[in-house]
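Structure data (compact mmCIF, C-alpha atoms and all ligand atoms) from upload-v8.txt:
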# COMPACT_ATOMS: atom_id res chain seq x y z
CA MET A 61 -14.25 -33.31 -2.72
CA SER A 62 -16.38 -33.21 0.40
CA GLN A 63 -14.65 -31.26 3.13
CA ASP A 64 -15.24 -30.87 6.82
CA ILE A 65 -14.54 -27.20 7.44
CA LYS A 66 -13.51 -27.83 11.03
CA LYS A 67 -10.75 -30.21 9.89
CA GLN A 68 -7.45 -29.20 8.38
CA THR A 69 -6.71 -30.35 4.85
CA ILE A 70 -3.78 -32.45 3.68
CA LEU A 71 -2.85 -32.83 0.05
CA VAL A 72 -1.31 -36.26 -0.49
CA VAL A 73 0.68 -36.59 -3.72
CA ASP A 74 1.88 -39.97 -4.98
CA ASP A 75 1.68 -41.78 -8.31
CA SER A 76 0.97 -45.08 -6.59
CA THR A 77 -2.67 -45.47 -5.59
CA GLU A 78 -1.56 -48.05 -3.08
CA ASN A 79 0.52 -45.45 -1.27
CA LEU A 80 -2.33 -42.95 -1.46
CA ASP A 81 -4.63 -45.52 0.16
CA ILE A 82 -2.19 -46.15 2.98
CA LEU A 83 -1.78 -42.46 3.80
CA ASP A 84 -5.51 -41.93 3.47
CA SER A 85 -6.25 -44.67 5.97
CA ILE A 86 -3.75 -43.19 8.43
CA LEU A 87 -4.88 -39.58 8.18
CA SER A 88 -8.50 -39.37 7.02
CA THR A 89 -10.07 -39.74 10.47
CA GLU A 90 -8.45 -36.51 11.65
CA TYR A 91 -8.05 -34.52 8.44
CA ASN A 92 -9.64 -33.78 5.09
CA ILE A 93 -7.56 -35.47 2.41
CA ASN A 94 -7.06 -34.29 -1.17
CA PHE A 95 -5.15 -36.40 -3.68
CA ALA A 96 -2.90 -35.83 -6.65
CA THR A 97 -0.89 -38.34 -8.65
CA ASN A 98 1.78 -36.04 -10.05
CA GLY A 99 3.44 -32.70 -9.33
CA LYS A 100 1.51 -30.74 -11.91
CA THR A 101 -1.90 -31.71 -10.54
CA ALA A 102 -0.58 -31.12 -7.02
CA ILE A 103 0.17 -27.50 -7.91
CA GLU A 104 -3.26 -27.00 -9.49
CA ILE A 105 -5.04 -28.43 -6.47
CA SER A 106 -2.89 -26.44 -4.07
CA LYS A 107 -3.78 -23.16 -5.74
CA LYS A 108 -7.44 -24.05 -5.84
CA TYR A 109 -7.95 -25.55 -2.39
CA MET A 110 -5.04 -24.16 -0.37
CA PRO A 111 -4.27 -27.28 1.70
CA ASP A 112 -2.75 -26.80 5.16
CA ILE A 113 0.09 -29.19 4.39
CA ILE A 114 1.38 -31.27 1.45
CA LEU A 115 2.82 -34.79 1.59
CA LEU A 116 4.86 -35.04 -1.57
CA ASP A 117 6.30 -38.13 -3.27
CA ILE A 118 9.45 -37.53 -5.31
CA ILE A 119 9.56 -39.81 -8.32
CA MET A 120 6.36 -39.31 -10.30
CA PRO A 121 5.40 -39.02 -13.98
CA VAL A 122 4.60 -35.62 -15.62
CA MET A 123 6.31 -33.60 -12.88
CA ASP A 124 8.41 -34.95 -10.03
CA GLY A 125 8.23 -33.87 -6.39
CA PHE A 126 11.36 -31.71 -6.44
CA GLU A 127 10.11 -29.66 -9.37
CA ALA A 128 6.64 -29.32 -7.84
CA CYS A 129 8.17 -28.20 -4.53
CA LYS A 130 10.29 -25.63 -6.32
CA LEU A 131 7.28 -24.18 -8.15
CA LEU A 132 5.05 -24.19 -5.07
CA LYS A 133 7.70 -22.30 -3.11
CA LYS A 134 8.08 -19.76 -5.89
CA ASP A 135 4.40 -18.84 -6.02
CA PRO A 136 3.40 -16.23 -3.38
CA LEU A 137 0.04 -17.93 -3.05
CA THR A 138 1.40 -21.35 -2.12
CA LYS A 139 4.89 -20.64 -0.85
CA ASN A 140 3.99 -20.87 2.85
CA ILE A 141 2.23 -24.23 2.70
CA PRO A 142 4.50 -26.71 4.53
CA ILE A 143 5.74 -29.60 2.41
CA ILE A 144 6.86 -32.98 3.74
CA PHE A 145 8.60 -35.26 1.26
CA VAL A 146 7.61 -38.90 1.33
CA THR A 147 10.46 -40.96 -0.07
CA ALA A 148 11.08 -44.65 -0.66
CA LYS A 149 14.08 -46.06 1.20
CA GLU A 150 15.63 -47.37 -2.00
CA GLU A 151 15.25 -43.97 -3.69
CA ASP A 152 18.39 -42.66 -1.99
CA PHE A 153 16.74 -39.34 -1.07
CA ASP A 154 18.92 -36.27 -1.21
CA GLU A 155 17.93 -34.66 2.13
CA ALA A 156 20.01 -31.56 1.61
CA LYS A 157 18.28 -30.85 -1.69
CA GLY A 158 14.86 -31.44 -0.15
CA PHE A 159 15.42 -28.93 2.65
CA GLU A 160 17.10 -26.50 0.30
CA LEU A 161 13.96 -26.50 -1.85
CA GLY A 162 11.96 -25.45 1.19
CA ALA A 163 10.54 -28.72 2.53
CA VAL A 164 10.03 -28.79 6.30
CA ASP A 165 10.56 -32.52 6.84
CA TYR A 166 10.65 -35.92 5.16
CA ILE A 167 9.20 -39.33 5.87
CA THR A 168 10.44 -42.65 4.44
CA LYS A 169 8.31 -45.33 2.85
CA PRO A 170 7.02 -47.75 3.90
CA VAL A 171 5.52 -45.25 6.27
CA SER A 172 4.80 -45.86 9.90
CA SER A 173 1.40 -44.65 11.00
CA ILE A 174 2.77 -43.18 14.23
CA VAL A 175 5.55 -41.28 12.47
CA VAL A 176 3.24 -39.87 9.79
CA LYS A 177 0.68 -38.67 12.33
CA ALA A 178 3.31 -37.14 14.60
CA ARG A 179 5.18 -35.31 11.83
CA VAL A 180 2.02 -33.99 10.24
CA LYS A 181 0.65 -32.83 13.59
CA THR A 182 3.87 -30.99 14.47
CA GLN A 183 4.14 -29.23 11.13
CA LEU A 184 0.49 -28.24 11.15
CA ALA A 185 0.87 -26.76 14.63
CA LEU A 186 3.92 -24.78 13.53
CA TYR A 187 2.11 -23.58 10.43
CA ASP A 188 -0.88 -22.50 12.51
CA GLN A 189 1.35 -20.60 14.86
CA LYS A 190 3.11 -18.90 11.97
CA ARG A 191 -0.16 -17.88 10.36
CA GLU A 192 -1.47 -16.52 13.66
CA LEU A 193 1.71 -14.50 14.17
CA THR A 194 1.54 -13.12 10.64
CA ARG A 195 -2.07 -12.17 11.21
CA LEU A 196 -1.18 -10.39 14.44
CA VAL A 197 1.75 -8.54 12.88
CA ASN A 198 -0.43 -7.43 9.96
CA GLU A 199 -3.15 -6.27 12.29
CA ARG A 200 -0.71 -4.29 14.46
CA THR A 201 0.99 -2.79 11.39
CA LYS A 202 -2.36 -1.69 10.05
CA GLU A 203 -3.24 -0.18 13.39
CA LEU A 204 0.09 1.66 13.56
CA ASN A 205 -0.31 2.99 10.02
CA GLN A 206 -3.79 4.20 10.81
CA THR A 207 -2.71 6.00 13.96
CA ARG A 208 0.16 7.60 12.12
CA LEU A 209 -2.13 8.72 9.33
CA GLU A 210 -4.62 10.12 11.79
CA ILE A 211 -1.94 12.15 13.58
CA ILE A 212 -0.68 13.49 10.28
CA ARG A 213 -4.18 14.45 9.22
CA LYS A 214 -4.75 16.22 12.52
CA LEU A 215 -1.49 18.15 12.07
CA GLY A 216 -2.68 19.35 8.69
CA VAL A 217 -6.03 20.38 10.13
CA ALA A 218 -4.27 22.17 13.02
CA SER A 219 -2.32 24.32 10.61
CA GLU A 220 -5.52 25.28 8.80
CA PHE A 221 -7.27 26.27 12.01
CA LYS A 222 -4.56 28.80 12.62
CA ASP A 223 -5.10 30.16 9.15
CA ASN A 224 -8.72 31.10 9.83
CA GLU A 225 -10.09 27.95 8.29
CA THR A 226 -12.33 25.15 9.40
CA GLY A 227 -9.89 22.46 8.41
CA ILE A 228 -12.07 21.36 5.52
CA HIS A 229 -9.73 22.99 2.99
CA VAL A 230 -7.07 20.33 3.56
CA VAL A 231 -9.62 17.55 3.25
CA ARG A 232 -10.90 18.87 -0.06
CA MET A 233 -7.60 19.85 -1.60
CA SER A 234 -5.94 16.54 -0.70
CA LYS A 235 -8.79 14.67 -2.34
CA TYR A 236 -8.41 16.89 -5.41
CA CYS A 237 -4.69 16.04 -5.42
CA CYS A 238 -5.49 12.33 -5.37
CA GLU A 239 -7.83 12.63 -8.37
CA ILE A 240 -5.41 14.81 -10.34
CA ALA A 241 -2.58 12.34 -9.61
CA LYS A 242 -4.65 9.46 -10.96
CA ALA A 243 -5.64 11.42 -14.06
CA TYR A 244 -1.96 12.29 -14.53
CA GLY A 245 -1.13 8.57 -14.62
CA PHE A 246 -0.13 7.63 -11.09
CA ASN A 247 -1.37 4.32 -9.74
CA GLU A 248 -3.71 4.00 -6.74
CA ASP A 249 -0.92 3.64 -4.19
CA GLU A 250 1.00 6.64 -5.47
CA ALA A 251 -2.16 8.75 -5.56
CA GLU A 252 -3.02 7.66 -2.05
CA LEU A 253 0.44 8.65 -0.86
CA LEU A 254 -0.22 12.16 -2.09
CA LEU A 255 -3.71 12.11 -0.59
CA ASN A 256 -2.14 11.50 2.81
CA ALA A 257 0.83 13.83 2.42
CA ALA A 258 -0.97 16.85 0.93
CA PRO A 259 -2.77 17.88 4.16
CA MET A 260 0.60 18.92 5.54
CA HIS A 261 1.39 21.43 2.80
CA ASP A 262 0.79 24.45 5.02
CA LEU A 263 1.98 22.96 8.28
CA GLY A 264 4.62 25.68 8.48
CA LYS A 265 1.92 28.28 9.09
CA ILE A 266 2.03 27.12 12.71
CA GLY A 267 5.29 29.07 12.91
CA ILE A 268 3.93 32.32 11.44
CA PRO A 269 2.89 35.01 13.95
CA ASP A 270 -0.87 35.54 14.16
CA VAL A 271 -0.55 39.29 13.59
CA VAL A 272 0.77 38.51 10.13
CA LEU A 273 -1.18 35.39 9.30
CA GLN A 274 -4.51 36.82 10.41
CA LYS A 275 -3.99 40.40 9.38
CA PRO A 276 -7.29 41.57 7.86
CA GLY A 277 -5.85 44.03 5.35
CA LYS A 278 -3.21 43.82 2.67
CA LEU A 279 0.24 42.57 3.65
CA ASN A 280 3.27 44.82 3.24
CA ASP A 281 6.50 43.49 1.72
CA GLU A 282 8.04 42.61 5.04
CA GLU A 283 4.95 40.70 6.18
CA TRP A 284 4.80 38.95 2.86
CA GLU A 285 8.39 37.75 3.35
CA ILE A 286 7.36 36.36 6.73
CA ILE A 287 4.44 34.46 5.16
CA LYS A 288 6.78 32.96 2.60
CA THR A 289 8.84 31.32 5.34
CA HIS A 290 6.00 28.87 6.03
CA CYS A 291 7.45 26.54 3.35
CA ASP A 292 10.79 26.29 5.08
CA ILE A 293 9.22 26.05 8.54
CA GLY A 294 6.98 23.22 7.31
CA LYS A 295 9.96 21.41 5.87
CA ARG A 296 11.82 21.73 9.17
CA ILE A 297 8.87 20.62 11.30
CA ILE A 298 8.34 17.51 9.17
CA GLY A 299 12.08 16.82 9.08
CA GLU A 300 13.99 13.80 7.85
CA HIS A 301 12.40 10.37 8.04
CA LYS A 302 12.73 7.27 5.93
CA SER A 303 8.95 6.89 5.76
CA GLU A 304 7.69 7.55 2.24
CA LEU A 305 4.73 9.46 3.60
CA ILE A 306 6.85 11.81 5.68
CA SER A 307 9.39 12.45 2.95
CA THR A 308 6.57 13.18 0.49
CA ALA A 309 4.92 15.53 2.97
CA LYS A 310 8.21 17.34 3.38
CA ILE A 311 8.58 17.87 -0.38
CA VAL A 312 5.01 19.09 -0.67
CA ALA A 313 5.40 21.50 2.26
CA TYR A 314 8.61 22.90 0.84
CA GLU A 315 7.72 23.15 -2.86
CA HIS A 316 3.98 23.85 -3.13
CA HIS A 317 4.51 27.56 -3.87
CA GLU A 318 7.05 27.01 -6.60
CA LYS A 319 5.89 28.03 -10.07
CA TRP A 320 6.46 26.28 -13.38
CA ASN A 321 8.07 29.46 -14.80
CA GLY A 322 10.51 29.76 -11.88
CA LYS A 323 8.82 32.77 -10.32
CA GLY A 324 7.61 30.95 -7.24
CA TYR A 325 9.18 30.59 -3.79
CA PRO A 326 11.17 29.68 -1.72
CA GLN A 327 13.72 28.26 -4.18
CA GLY A 328 12.54 29.61 -7.53
CA LEU A 329 12.66 26.11 -9.02
CA VAL A 330 11.73 25.80 -12.70
CA GLY A 331 9.58 23.21 -14.52
CA GLU A 332 10.28 19.60 -13.75
CA ASP A 333 12.79 20.53 -11.07
CA ILE A 334 9.72 21.04 -8.96
CA HIS A 335 8.59 17.68 -7.63
CA ILE A 336 5.54 16.40 -9.48
CA TYR A 337 3.60 15.98 -6.22
CA ALA A 338 4.23 19.65 -5.40
CA ARG A 339 3.13 20.64 -8.92
CA ILE A 340 -0.13 18.78 -8.35
CA VAL A 341 -0.63 20.29 -4.89
CA ALA A 342 -0.11 23.77 -6.35
CA VAL A 343 -3.09 23.35 -8.70
CA ALA A 344 -5.36 21.73 -6.12
CA ASP A 345 -4.47 24.31 -3.47
CA VAL A 346 -5.10 27.33 -5.67
CA PHE A 347 -8.29 25.90 -7.13
CA ASP A 348 -9.69 25.26 -3.68
CA ALA A 349 -8.64 28.67 -2.39
CA LEU A 350 -10.35 30.34 -5.35
CA THR A 351 -13.60 28.42 -5.00
CA SER A 352 -13.77 28.89 -1.21
CA LEU A 353 -15.21 31.81 0.65
CA ARG A 354 -12.56 33.78 2.56
CA PRO A 355 -13.01 36.78 4.85
CA TYR A 356 -11.49 39.00 2.19
CA LYS A 357 -13.12 37.45 -0.90
CA GLU A 358 -16.21 35.76 -2.25
CA ALA A 359 -16.12 32.17 -3.47
CA TRP A 360 -15.44 32.02 -7.19
CA SER A 361 -17.61 29.83 -9.40
CA THR A 362 -16.01 26.57 -10.56
CA LYS A 363 -16.07 27.83 -14.14
CA ARG A 364 -14.23 31.01 -13.30
CA ALA A 365 -11.62 29.15 -11.23
CA ILE A 366 -11.02 26.57 -14.00
CA LYS A 367 -10.51 29.41 -16.45
CA LEU A 368 -7.84 30.97 -14.26
CA VAL A 369 -6.06 27.65 -13.74
CA GLU A 370 -6.07 27.09 -17.50
CA GLU A 371 -4.71 30.57 -18.14
CA GLU A 372 -1.89 29.88 -15.70
CA ALA A 373 -0.85 26.64 -17.44
CA GLY A 374 2.76 27.09 -18.47
CA SER A 375 3.33 30.06 -16.14
CA HIS A 376 2.21 29.16 -12.61
CA PHE A 377 1.27 25.56 -13.30
CA ASP A 378 2.66 22.54 -15.12
CA PRO A 379 0.55 22.30 -18.33
CA LYS A 380 0.36 18.51 -18.03
CA VAL A 381 -0.97 18.77 -14.49
CA VAL A 382 -3.57 21.27 -15.67
CA GLU A 383 -4.58 18.76 -18.34
CA ALA A 384 -4.99 16.08 -15.66
CA PHE A 385 -6.92 18.55 -13.52
CA ILE A 386 -9.40 19.12 -16.37
CA LYS A 387 -9.65 15.39 -16.96
CA ALA A 388 -10.43 14.82 -13.28
CA MET A 389 -13.03 17.61 -13.17
CA PRO A 390 -16.11 15.34 -12.76
CA GLU A 391 -14.54 13.79 -9.62
CA ILE A 392 -13.33 17.17 -8.40
CA ILE A 393 -16.83 18.62 -8.65
CA MET A 394 -18.23 15.67 -6.73
CA ILE A 395 -15.68 16.21 -3.95
CA LYS A 396 -16.37 19.93 -3.91
CA ASN A 397 -20.11 19.37 -3.48
CA LYS A 398 -19.63 16.73 -0.82
CA TYR A 399 -17.24 18.71 1.39
CA GLN A 400 -18.79 22.17 1.62
FE FE B 501 1.14 27.44 1.45
FE FE B 502 -3.61 25.43 1.28
For this file, write the structure as structure tokens.
Ligand SMILES: [Fe+2]
Ligand SMILES: [Fe+2]
Amino acid sequence: MSQDIKKQTILVVDDSTENLDILDSILSTEYNINFATNGKTAIEISKKYMPDIILLDIIMPVMDGFEACKLLKKDPLTKNIPIIFVTAKEEDFDEAKGFELGAVDYITKPVSSIVVKARVKTQLALYDQKRELTRLVNERTKELNQTRLEIIRKLGVASEFKDNETGIHVVRMSKYCCEIAKAYGFNEDEAELLLNAAPMHDLGKIGIPDVVLQKPGKLNDEEWEIIKTHCDIGKRIIGEHKSELISTAKIVAYEHHEKWNGKGYPQGLVGEDIHIYARIVAVADVFDALTSLRPYKEAWSTKRAIKLVEEEAGSHFDPKVVEAFIKAMPEIIMIKNKYQ
């Protein structure tokens, strides 16, 4: 089928070649025309060529127009293509059924050239407008999501700055989380959710006094209790929101210091009562802390840090998460080298 890319495309479906010829002669000067002689072929052509509109006869062999319309409207790929039924006067067309199936209009045979052109033009204009609006909405939604993500990332970085860091810790550990989540069996979207939520795990440190947070020496019991409140502060800063990202971030902020054996804080949750995302964050966070240089400690070698994580499987960490962590090690090492 030779197509003029500047022209819109109409799929004309009719089992009578005479009718196809008539519609072709009316429309082919302004539009590209594709043809089908039954509903089944119409569906195949629609999926392949994505016409801008379909003119659909009703009574046809193999598959009639109603059935074809129903199937086209069911398929996400073709459901938005406007359909106009073309019906013979003597066919006693059931208009209600036609509209119910999702058709936008109908034309009666024998067709009038003026009516066909006018109806097609109107429906194409509406369809264009709808597509443009959808495009705009998608673009704006994407923009909004990106801004939101960026703000969230910056919040995570802000909390790290306060904690004597460069902000790179949250970048690295959230990427580790993403890889561990995938190795654990989460799909891309779920892993990405954690990637975006994990940077907020220590957001609550914003609320910890500098004298405690940045104290060079060892913390006493009282100071240690103050540090522990960062989980609850983080949870309160993030707050309630129906967004999946925000609710995930809240869980991670609140539960990332819980331990598999129940000896963590703030709630002392045990095993699978700790949210799986928080169990993953716990491993990634500790691994990155161990392998990073801190004012009070050297950076451990990867090997040494892995050994400790493995030893803590079943006590500090979920053994299955540790398994996933080991499985994801090639990716983790790549991330570690990239974000020094
Ligand atoms: Fe923390
Ligand atoms: Fe951390």
Point-to-point distance in Å for atom CA of Thr138 of chain A and atom CA of Asp249 of chain A: 25.2 Å
Gap from atom CA of Thr69 of chain A to atom CA of Lys149 of chain A - Å, one decimal: 26.3 Å
Report as a tab-separated table: every residue of chain A with an atom at most 8 Å from ligand FE 502 (chain B), its closest pair of atoms, and their distance in Å to one decimal, counting all atoms listed in the file, with rows sorted by chain and ascending residue number.
residue	atom	partner	partner_atom	distance
A:Glu220	CA	B:FE502	FE	7.8
A:His229	CA	B:FE502	FE	6.8
A:Val230	CA	B:FE502	FE	6.6
A:Met233	CA	B:FE502	FE	7.4
A:His261	CA	B:FE502	FE	6.6
A:Asp262	CA	B:FE502	FE	5.9
A:Asp345	CA	B:FE502	FE	5.0
A:Val346	CA	B:FE502	FE	7.4
A:Asp348	CA	B:FE502	FE	7.8
A:Ala349	CA	B:FE502	FE	7.0
Distance query Gly264 of chain A at most 10 Å, all atoms listed in the file, self and fewer than 4 positions along chain excluded, as a PyMOL selection string: chain A and resi 216+219+260+268+287-298+313-314
Pick from A:Ile144, A:Pro269, A:Ala163, A:Ile65 nearest to Glu283 of chain A, counting only C-alpha atoms: A:Pro269
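Proximity to Gly158 of chain A at 9 Å, evaluated using all atoms listed in the file and with sequence-adjacent residues fewer than 6 positions away removed, yields Phe126, Cys129, Phe145, Val164, Asp165 and Tyr166 of chain A.
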Gap from atom CA of Ile70 of chain A to atom CA of Phe159 of chain A - Å, one decimal: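 Atom-to-atom, atom CA of Ile70 of chain A to atom CA of Phe159 of chain A, that is 19.5 Å.
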Pick from A:Gln206, A:Tyr187, A:His317, A:Val146, whichever lies nearest to ligand FE 501 (chain B) using all atoms listed in the file: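 For ligand FE 501 (chain B), the nearest of the given residues is A:His317.
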Selected residue, from A:Met389, A:Ala309, A:Pro276, A:Val330, that lies nearest to Tyr356 of chain A when counting all atoms listed in the file: A:Pro276
Counting all atoms listed in the file, the option among A:Val122, A:Val312, A:Val175, A:Leu196 closest to ligand FE 501 (chain B):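 For ligand FE 501 (chain B), the nearest of the given residues is A:Val312.
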Distance criterion (all atoms listed in the file): nearest to ligand FE 501 (chain B) out of A:Lys265, A:Arg354, A:Lys139, A:Lys363: A:Lys265
